[in-house]
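Structure file structure35.cif; described as mmCIF, C-alpha atoms.
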```cif
data_data
loop_
_atom_site.label_atom_id
_atom_site.label_comp_id
_atom_site.auth_asym_id
_atom_site.auth_seq_id
_atom_site.Cartn_x
_atom_site.Cartn_y
_atom_site.Cartn_z
CA MET A 76 5.50 5.02 -11.48
CA GLU A 77 9.08 6.19 -11.15
CA ALA A 78 8.45 9.51 -12.92
CA GLU A 79 5.32 10.19 -10.89
CA LEU A 80 7.00 9.14 -7.65
CA ARG A 81 9.96 11.46 -8.27
CA SER A 82 7.69 14.43 -9.03
CA GLN A 83 6.19 14.52 -5.53
CA PRO A 84 8.26 17.35 -4.01
CA GLU A 85 7.17 19.56 -6.91
CA THR A 86 3.48 18.61 -6.73
CA TRP A 87 3.45 19.03 -2.94
CA ALA A 88 4.88 22.53 -3.29
CA THR A 89 2.22 23.37 -5.87
CA ALA A 90 -0.56 22.08 -3.61
CA ALA A 91 0.81 23.99 -0.62
CA GLY A 92 0.46 27.20 -2.62
CA LEU A 93 -3.17 26.65 -3.65
CA ARG A 94 -4.67 28.99 -1.05
CA GLU A 95 -7.96 29.51 -2.88
CA GLU A 96 -8.52 25.77 -3.22
CA GLN A 97 -7.59 25.22 0.44
CA SER A 98 -10.25 27.75 1.45
CA LEU A 99 -12.90 25.51 -0.16
CA LEU A 100 -12.29 22.77 2.41
CA PRO A 101 -14.56 22.60 5.48
CA ALA A 102 -14.05 25.42 7.94
CA SER A 103 -12.69 25.03 11.43
CA GLY A 104 -15.41 23.90 13.81
CA GLU A 105 -17.43 22.03 11.22
CA ARG A 106 -18.21 18.37 11.90
CA ILE A 107 -17.03 16.43 8.86
CA ALA A 108 -16.46 12.99 7.38
CA VAL A 109 -13.76 12.17 4.83
CA VAL A 110 -14.28 9.22 2.49
CA GLY A 111 -12.35 7.38 -0.19
CA CYS A 112 -11.42 3.93 -1.45
CA GLY A 113 -8.06 2.18 -1.11
CA THR A 114 -5.25 4.71 -1.12
CA SER A 115 -7.71 7.62 -0.87
CA TRP A 116 -9.26 6.07 2.24
CA PHE A 117 -5.83 5.95 3.87
CA MET A 118 -5.27 9.62 3.04
CA ALA A 119 -8.69 10.32 4.56
CA GLN A 120 -7.52 8.64 7.77
CA ALA A 121 -4.43 10.84 7.88
CA TYR A 122 -6.44 14.01 7.19
CA ALA A 123 -8.98 13.14 9.88
CA ALA A 124 -6.29 12.61 12.52
CA LEU A 125 -4.43 15.78 11.57
CA ARG A 126 -7.57 17.95 11.55
CA GLU A 127 -8.68 16.75 14.97
CA ARG A 128 -5.15 17.08 16.37
CA ALA A 129 -5.07 20.68 15.17
CA GLY A 130 -8.32 21.40 17.02
CA HIS A 131 -10.56 22.00 14.00
CA GLY A 132 -13.39 19.73 15.07
CA VAL A 133 -14.79 16.22 14.80
CA THR A 134 -13.39 14.52 11.70
CA ASP A 135 -14.21 10.92 10.83
CA ALA A 136 -12.72 8.82 8.03
CA PHE A 137 -14.55 6.00 6.28
CA ALA A 138 -14.17 3.66 3.35
CA ALA A 139 -16.76 5.00 0.91
CA SER A 140 -18.44 1.59 0.68
CA GLU A 141 -19.00 1.50 4.46
CA ALA A 142 -19.58 5.17 5.30
CA PRO A 143 -22.56 5.77 7.63
CA VAL A 144 -22.85 9.44 6.75
CA LEU A 145 -26.53 9.87 5.91
CA ASP A 146 -27.85 10.34 9.44
CA ARG A 147 -24.94 11.51 11.59
CA GLY A 148 -25.39 15.25 11.28
CA TYR A 149 -22.19 16.07 9.44
CA ASP A 150 -21.76 19.63 8.20
CA ALA A 151 -19.64 18.48 5.26
CA ILE A 152 -18.45 15.34 3.48
CA VAL A 153 -15.05 15.35 1.73
CA ALA A 154 -14.51 12.70 -0.96
CA ILE A 155 -10.98 11.97 -2.16
CA THR A 156 -10.64 10.18 -5.50
CA ARG A 157 -7.89 10.24 -8.10
CA SER A 158 -10.04 9.10 -11.01
CA GLY A 159 -13.42 10.60 -10.09
CA THR A 160 -15.03 7.41 -11.41
CA THR A 161 -14.82 5.01 -8.45
CA THR A 162 -18.22 3.38 -8.08
CA GLU A 163 -18.45 3.37 -4.29
CA VAL A 164 -17.63 7.08 -4.04
CA LEU A 165 -20.13 8.05 -6.73
CA GLU A 166 -22.84 5.89 -5.17
CA LEU A 167 -22.31 7.52 -1.79
CA LEU A 168 -22.46 11.04 -3.22
CA ASP A 169 -25.58 10.18 -5.20
CA ALA A 170 -27.21 8.77 -2.06
CA LEU A 171 -26.41 11.96 -0.16
CA ARG A 172 -28.00 14.06 -2.88
CA SER A 173 -31.07 11.82 -3.13
CA SER A 174 -31.60 11.85 0.65
CA GLY A 175 -31.83 15.62 0.76
CA SER A 176 -28.85 15.78 3.12
CA SER A 177 -27.85 19.28 4.16
CA ALA A 178 -24.18 18.32 4.35
CA ARG A 179 -22.01 20.19 1.87
CA THR A 180 -20.02 17.85 -0.36
CA VAL A 181 -16.44 18.55 -1.42
CA GLY A 182 -14.50 16.43 -3.91
CA ILE A 183 -10.71 16.34 -4.22
CA VAL A 184 -10.05 14.85 -7.65
CA GLY A 185 -7.17 14.29 -10.04
CA ASP A 186 -9.13 14.02 -13.28
CA PRO A 187 -11.56 16.96 -13.44
CA GLU A 188 -13.45 15.62 -16.48
CA THR A 189 -15.27 12.90 -14.54
CA PRO A 190 -18.72 12.26 -13.04
CA LEU A 191 -17.61 13.24 -9.54
CA VAL A 192 -17.51 16.91 -10.46
CA ASP A 193 -21.25 16.96 -11.13
CA LEU A 194 -22.11 15.15 -7.89
CA VAL A 195 -20.39 17.47 -5.42
CA ASP A 196 -21.14 21.01 -4.34
CA THR A 197 -17.47 21.95 -4.58
CA ALA A 198 -14.74 20.29 -6.64
CA ILE A 199 -11.06 20.84 -5.84
CA ARG A 200 -9.19 19.86 -8.99
CA LEU A 201 -5.58 18.64 -8.88
CA PRO A 202 -4.90 17.72 -12.54
CA PHE A 203 -1.18 18.41 -12.15
CA ALA A 204 -1.06 15.46 -9.71
CA ASP A 205 -3.08 13.00 -11.80
CA GLU A 206 -1.28 9.82 -12.84
CA GLN A 207 -1.02 7.23 -15.57
CA SER A 208 0.37 4.40 -13.44
CA VAL A 209 -2.19 2.09 -11.86
CA VAL A 210 -0.09 2.12 -8.68
CA GLN A 211 -0.90 5.47 -7.15
CA THR A 212 1.80 7.65 -5.59
CA ARG A 213 1.72 11.40 -6.17
CA PHE A 214 -2.02 12.12 -6.31
CA ALA A 215 -2.60 10.70 -2.85
CA THR A 216 0.31 12.48 -1.21
CA THR A 217 -0.45 15.73 -3.06
CA ALA A 218 -4.04 15.66 -1.79
CA LEU A 219 -2.61 15.15 1.69
CA ALA A 220 -0.18 18.04 1.15
CA LEU A 221 -3.15 20.24 0.20
CA VAL A 222 -5.10 19.48 3.36
CA ARG A 223 -2.03 19.73 5.58
CA ALA A 224 -1.31 23.19 4.20
CA SER A 225 -4.96 24.13 4.78
CA LEU A 226 -4.47 23.28 8.46
CA GLY A 227 -1.62 25.77 8.69
CA GLU A 228 1.33 23.41 8.38
CA ASP A 229 4.58 24.59 6.78
CA LEU A 230 5.48 21.84 4.33
CA THR A 231 8.89 23.20 3.37
CA PRO A 232 10.84 20.80 5.63
CA VAL A 233 8.70 17.88 4.47
CA ILE A 234 9.31 18.70 0.82
CA ASP A 235 13.06 18.94 1.45
CA GLN A 236 13.06 15.56 3.21
CA ALA A 237 11.14 13.96 0.35
CA ALA A 238 13.59 15.36 -2.20
CA ALA A 239 16.46 13.83 -0.22
CA ALA A 240 14.58 10.51 0.10
CA ILE A 241 14.19 10.33 -3.68
CA GLU A 242 17.92 10.65 -4.26
CA GLU A 243 19.32 8.47 -1.46
CA GLU A 244 20.68 5.00 -2.13
CA LEU A 245 18.31 2.30 -0.93
CA ASP A 246 19.54 -0.30 1.55
CA ASP A 247 19.46 -3.70 -0.15
CA GLU A 248 18.26 -5.22 3.13
CA LEU A 249 15.02 -3.30 2.62
CA ILE A 250 14.59 -4.41 -0.99
CA ALA A 251 15.39 -8.07 -0.38
CA ALA A 252 13.30 -8.63 2.77
CA GLU A 253 10.90 -11.57 3.04
CA GLN A 254 8.12 -9.69 4.82
CA TYR A 255 7.20 -6.13 5.90
CA SER A 256 5.14 -4.78 8.80
CA PHE A 257 4.43 -1.04 8.53
CA LEU A 258 3.52 0.83 11.70
CA GLY A 259 2.10 4.29 12.33
CA ALA A 260 0.87 6.44 15.19
CA GLY A 261 -1.84 9.09 15.04
CA TRP A 262 -1.99 10.56 11.54
CA THR A 263 0.71 8.22 10.23
CA ILE A 264 -1.43 5.10 10.76
CA GLY A 265 -3.05 5.85 7.40
CA LEU A 266 0.41 6.21 5.87
CA ALA A 267 1.43 2.82 7.26
CA HIS A 268 -1.61 1.23 5.64
CA GLU A 269 -0.74 3.00 2.38
CA ALA A 270 2.90 1.88 2.47
CA ALA A 271 1.78 -1.72 2.89
CA LEU A 272 -0.70 -1.37 0.05
CA LYS A 273 1.99 0.01 -2.28
CA MET A 274 4.21 -2.99 -1.60
CA ARG A 275 1.37 -5.42 -2.27
CA GLU A 276 0.21 -3.67 -5.44
CA ALA A 277 3.58 -3.01 -7.05
CA SER A 278 5.59 -6.06 -6.01
CA GLN A 279 3.11 -8.70 -4.73
CA SER A 280 4.94 -8.62 -1.39
CA TRP A 281 3.75 -9.99 1.94
CA THR A 282 2.97 -6.86 3.93
CA GLU A 283 0.92 -5.97 6.99
CA SER A 284 0.17 -2.68 8.76
CA TYR A 285 -0.89 -1.70 12.25
CA PRO A 286 -1.11 1.13 14.76
CA ALA A 287 2.31 0.98 16.40
CA LYS A 288 1.09 0.26 19.92
CA GLU A 289 -1.07 -2.59 18.64
CA TYR A 290 1.90 -4.31 17.03
CA ARG A 291 3.03 -5.93 20.28
CA HIS A 292 -0.48 -7.32 20.84
CA GLY A 293 0.16 -10.29 18.55
CA PRO A 294 1.61 -9.22 15.17
CA ILE A 295 5.17 -9.00 16.53
CA ALA A 296 5.06 -12.81 16.54
CA ILE A 297 5.95 -12.80 12.84
CA ALA A 298 9.06 -10.61 13.29
CA ALA A 299 12.20 -12.58 12.43
CA PRO A 300 15.56 -12.28 10.68
CA GLY A 301 15.13 -11.31 7.05
CA ARG A 302 11.91 -9.41 7.78
CA VAL A 303 11.34 -5.68 8.22
CA THR A 304 9.30 -3.70 10.71
CA TRP A 305 9.04 -0.13 9.39
CA MET A 306 7.89 2.73 11.63
CA LEU A 307 6.44 5.85 10.03
CA GLY A 308 6.43 8.57 12.67
CA GLU A 309 7.62 8.38 16.26
CA ALA A 310 8.02 4.87 17.63
CA PRO A 311 6.57 3.90 21.02
CA THR A 312 9.04 3.63 23.87
CA GLY A 313 10.69 0.22 24.04
CA LEU A 314 9.62 -0.99 20.60
CA ALA A 315 13.15 -0.94 19.21
CA ASP A 316 14.37 -3.08 22.11
CA ASP A 317 11.54 -5.57 21.65
CA LEU A 318 12.33 -5.91 17.95
CA ARG A 319 16.05 -6.28 18.51
CA VAL A 320 15.37 -9.58 20.27
CA THR A 321 13.46 -10.92 17.24
CA GLY A 322 16.30 -10.35 14.78
CA ALA A 323 14.02 -8.38 12.44
CA HIS A 324 15.30 -5.19 10.83
CA PHE A 325 13.71 -2.12 12.43
CA GLU A 326 13.48 0.79 9.99
CA ASP A 327 12.89 4.00 11.94
CA ARG A 328 13.92 7.27 10.30
CA PRO A 329 13.43 10.56 12.20
CA ILE A 330 11.68 12.23 9.25
CA ASP A 331 8.14 13.26 8.43
CA GLY A 332 5.87 10.31 7.69
CA MET A 333 4.98 11.60 4.24
CA ALA A 334 8.65 11.76 3.26
CA ASP A 335 9.19 8.28 4.67
CA LEU A 336 6.25 7.02 2.60
CA VAL A 337 8.22 8.12 -0.48
CA ARG A 338 11.01 5.82 0.64
CA ALA A 339 8.56 2.93 0.95
CA GLN A 340 7.24 3.70 -2.54
CA ARG A 341 10.79 3.48 -3.87
CA VAL A 342 11.36 0.12 -2.18
CA ALA A 343 8.11 -1.17 -3.69
CA LEU A 344 9.27 -0.06 -7.13
CA ALA A 345 12.72 -1.60 -6.68
CA ARG A 346 11.19 -4.91 -5.57
CA ALA A 347 8.86 -4.90 -8.57
CA ARG A 348 11.75 -4.40 -10.93
CA ARG A 349 13.82 -7.09 -9.25
CA ALA A 350 10.92 -9.52 -9.63
CA GLY A 351 10.36 -8.59 -13.28
CA LEU A 352 6.95 -7.04 -12.55
CA ASP A 353 5.34 -3.97 -14.13
CA PRO A 354 4.02 -1.66 -11.37
CA ASP A 355 2.21 0.45 -13.96
CA SER A 356 0.01 -2.54 -14.81
CA PRO A 357 -0.09 -4.76 -11.72
CA ARG A 358 -1.84 -8.08 -11.56
CA ASN A 359 -5.63 -8.00 -11.14
CA LEU A 360 -5.79 -4.20 -10.82
CA THR A 361 -7.11 -1.28 -12.87
CA ARG A 362 -6.68 2.46 -12.43
CA SER A 363 -10.24 2.82 -11.13
CA VAL A 364 -12.67 0.29 -9.70
CA ILE A 365 -15.92 0.60 -11.67
CA LEU A 366 -18.44 -1.97 -10.51
CA PRO A 367 -21.35 -3.31 -12.58
CA SER A 368 -24.68 -1.73 -11.73
#
```
Go ahead and express the file in the form of structure tokens.
Amino acid sequence: MEAELRSQPETWATAAGLREEQSLLPASGERIAVVGCGTSWFMAQAYAALRERAGHGVTDAFAASEAPVLDRGYDAIVAITRSGTTTEVLELLDALRSSGSSARTVGIVGDPETPLVDLVDTAIRLPFADEQSVVQTRFATTALALVRASLGEDLTPVIDQAAAAIEEELDDELIAAEQYSFLGAGWTIGLAHEAALKMREASQSWTESYPAKEYRHGPIAIAAPGRVTWMLGEAPTGLADDLRVTGAHFEDRPIDGMADLVRAQRVALARARRAGLDPDSPRNLTRSVILPS
């Protein structure tokens, strides 16, 4: 996990330069859905919000197991999957093919030698970002770097911020906390969900995640000394003041959400090590969820 985590600035730069692969993604104006499972679903949420914000058209994000894409008139379906073997993604793509859907299917995959490649019209292969650790870090963020670059974003500042985040000394207050609430706004809501998932997977930590403006509608009740509320992206007005009263630590860095996610990954790794856990082989998890037929 550490080696793959630290390689992210390099893999993001590589993805940002893949102009031919970026051109294979749905064109501006197309109505699309983006699907995935777990981490990939959270990257789908970020992509959907970014694409709509940039004015490229209706973009929905769904968990592959719950994606109502067969009869909604989408022009294209984008499936994100590191392994290319996740049952729910393959079942959805097979159902699209069997239904005679006219929607073009695009797969973003880490391992190109997998069944996904034969089920999509277009496969975007990112083998340089594939991983050995069960706890996923660089494939997800590299896929997000690819789609952000395709939307015309300059990722140079983001890559520089991530490189700095990898080298900085972590605050022990972050590593030793009792509980974490990750918050996002717009495209960073997916990143907040992903940060919370990393902490659960790697270190068995108590974590929650919410849209930032929803946090004060109940979840702030658990904020207390020794706990962390972590904002990825721009915080709503007044949130810092509300949290100050609770005694919880408010982590709010003025950096890109993707770079801040790297910091959360590092905290998850540090907590795992402190607890004597192996984040490459976490409890109850495998690299890919393959369900019995």
### Message
As a check of understanding, name the residues that the PyMOL selection byres ((chain A and resi 270) around 10) selects in the supplied structure, as a PyMOL selection string.
### Response
chain A and resi 114+117+212+255-258+264-269+271-275+282-284+305+307+335-340+342-343
#### Entry: Nearest to Asp247 (chain A), chosen from A:Ile297, A:Ile152, A:Val192, A:Ala345, with all atoms listed in the file counted in the distances
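Of the candidates, the smallest distance to Asp247 (chain A) is held by A:Ala345.
This file, filtered with the PyMOL selection byres ((chain A and resi 140) around 8), gives the residues Cys112, Ala138, Ala139, Glu141, Ala142, Glu163, Val164 and Leu167 of chain A.
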Write out, as CSV, each residue of region 92-178 of chain A that has an atom at most 9 Å from region 224-229 of chain A, together with the closest pair of atoms and their distance in Å to one decimal, counting only C-alpha atoms, rows going by chain and rising number.
```
residue,atom,partner,partner_atom,distance
A:Gly92,CA,A:Ala224,CA,8.1
A:Leu93,CA,A:Ala224,CA,8.8
A:Arg94,CA,A:Ser225,CA,7.6
A:Glu96,CA,A:Ser225,CA,8.9
A:Gln97,CA,A:Ser225,CA,5.2
A:Ser98,CA,A:Ser225,CA,7.2
A:Leu100,CA,A:Ser225,CA,7.8
A:Ser103,CA,A:Leu226,CA,8.9
A:Leu125,CA,A:Leu226,CA,8.1
A:Arg126,CA,A:Leu226,CA,6.9
A:Ala129,CA,A:Leu226,CA,7.2
A:His131,CA,A:Leu226,CA,8.3
```
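Between CA of Ala124 (chain A) and CA of Ala178 (chain A) the interatomic distance comes to 20.5 Å.
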### Task
Find the spatial neighbours of Ala298 (chain A), counting all atoms listed in the file, within a cut-off of 9 Å - ignore same-chain residues fewer than 5 positions away - and output them as number ranges by chain.
A: 254-256, 303-304, 318, 321-324
Could you pull the residues within 12 Å of Ala237 (chain A), counting all atoms listed in the file, minus those fewer than 2 positions along the same chain, as a CSV table (one decimal) with C-alpha atoms, in the frame of the given file?
```csv
chain,number,residue,atom,x,y,z
A,80,LEU,CA,7.0,9.1,-7.6
A,81,ARG,CA,10.0,11.5,-8.3
A,82,SER,CA,7.7,14.4,-9.0
A,83,GLN,CA,6.2,14.5,-5.5
A,84,PRO,CA,8.3,17.4,-4.0
A,85,GLU,CA,7.2,19.6,-6.9
A,86,THR,CA,3.5,18.6,-6.7
A,87,TRP,CA,3.4,19.0,-2.9
A,88,ALA,CA,4.9,22.5,-3.3
A,213,ARG,CA,1.7,11.4,-6.2
A,216,THR,CA,0.3,12.5,-1.2
A,230,LEU,CA,5.5,21.8,4.3
A,231,THR,CA,8.9,23.2,3.4
A,232,PRO,CA,10.8,20.8,5.6
A,233,VAL,CA,8.7,17.9,4.5
A,234,ILE,CA,9.3,18.7,0.8
A,235,ASP,CA,13.1,18.9,1.4
A,239,ALA,CA,16.5,13.8,-0.2
A,240,ALA,CA,14.6,10.5,0.1
A,241,ILE,CA,14.2,10.3,-3.7
A,242,GLU,CA,17.9,10.6,-4.3
A,243,GLU,CA,19.3,8.5,-1.5
A,330,ILE,CA,11.7,12.2,9.2
A,331,ASP,CA,8.1,13.3,8.4
A,332,GLY,CA,5.9,10.3,7.7
A,333,MET,CA,5.0,11.6,4.2
A,334,ALA,CA,8.6,11.8,3.3
A,335,ASP,CA,9.2,8.3,4.7
A,336,LEU,CA,6.2,7.0,2.6
A,337,VAL,CA,8.2,8.1,-0.5
A,338,ARG,CA,11.0,5.8,0.6
A,339,ALA,CA,8.6,2.9,1.0
A,340,GLN,CA,7.2,3.7,-2.5
A,341,ARG,CA,10.8,3.5,-3.9
```
### Task
Taking the file above as input, evaluate the PyMOL selection byres ((chain A and resi 253) around 10) and report the hits as a VMD selection string.
chain A and resid 248 to 252 254 to 255 280 to 282 299 to 303
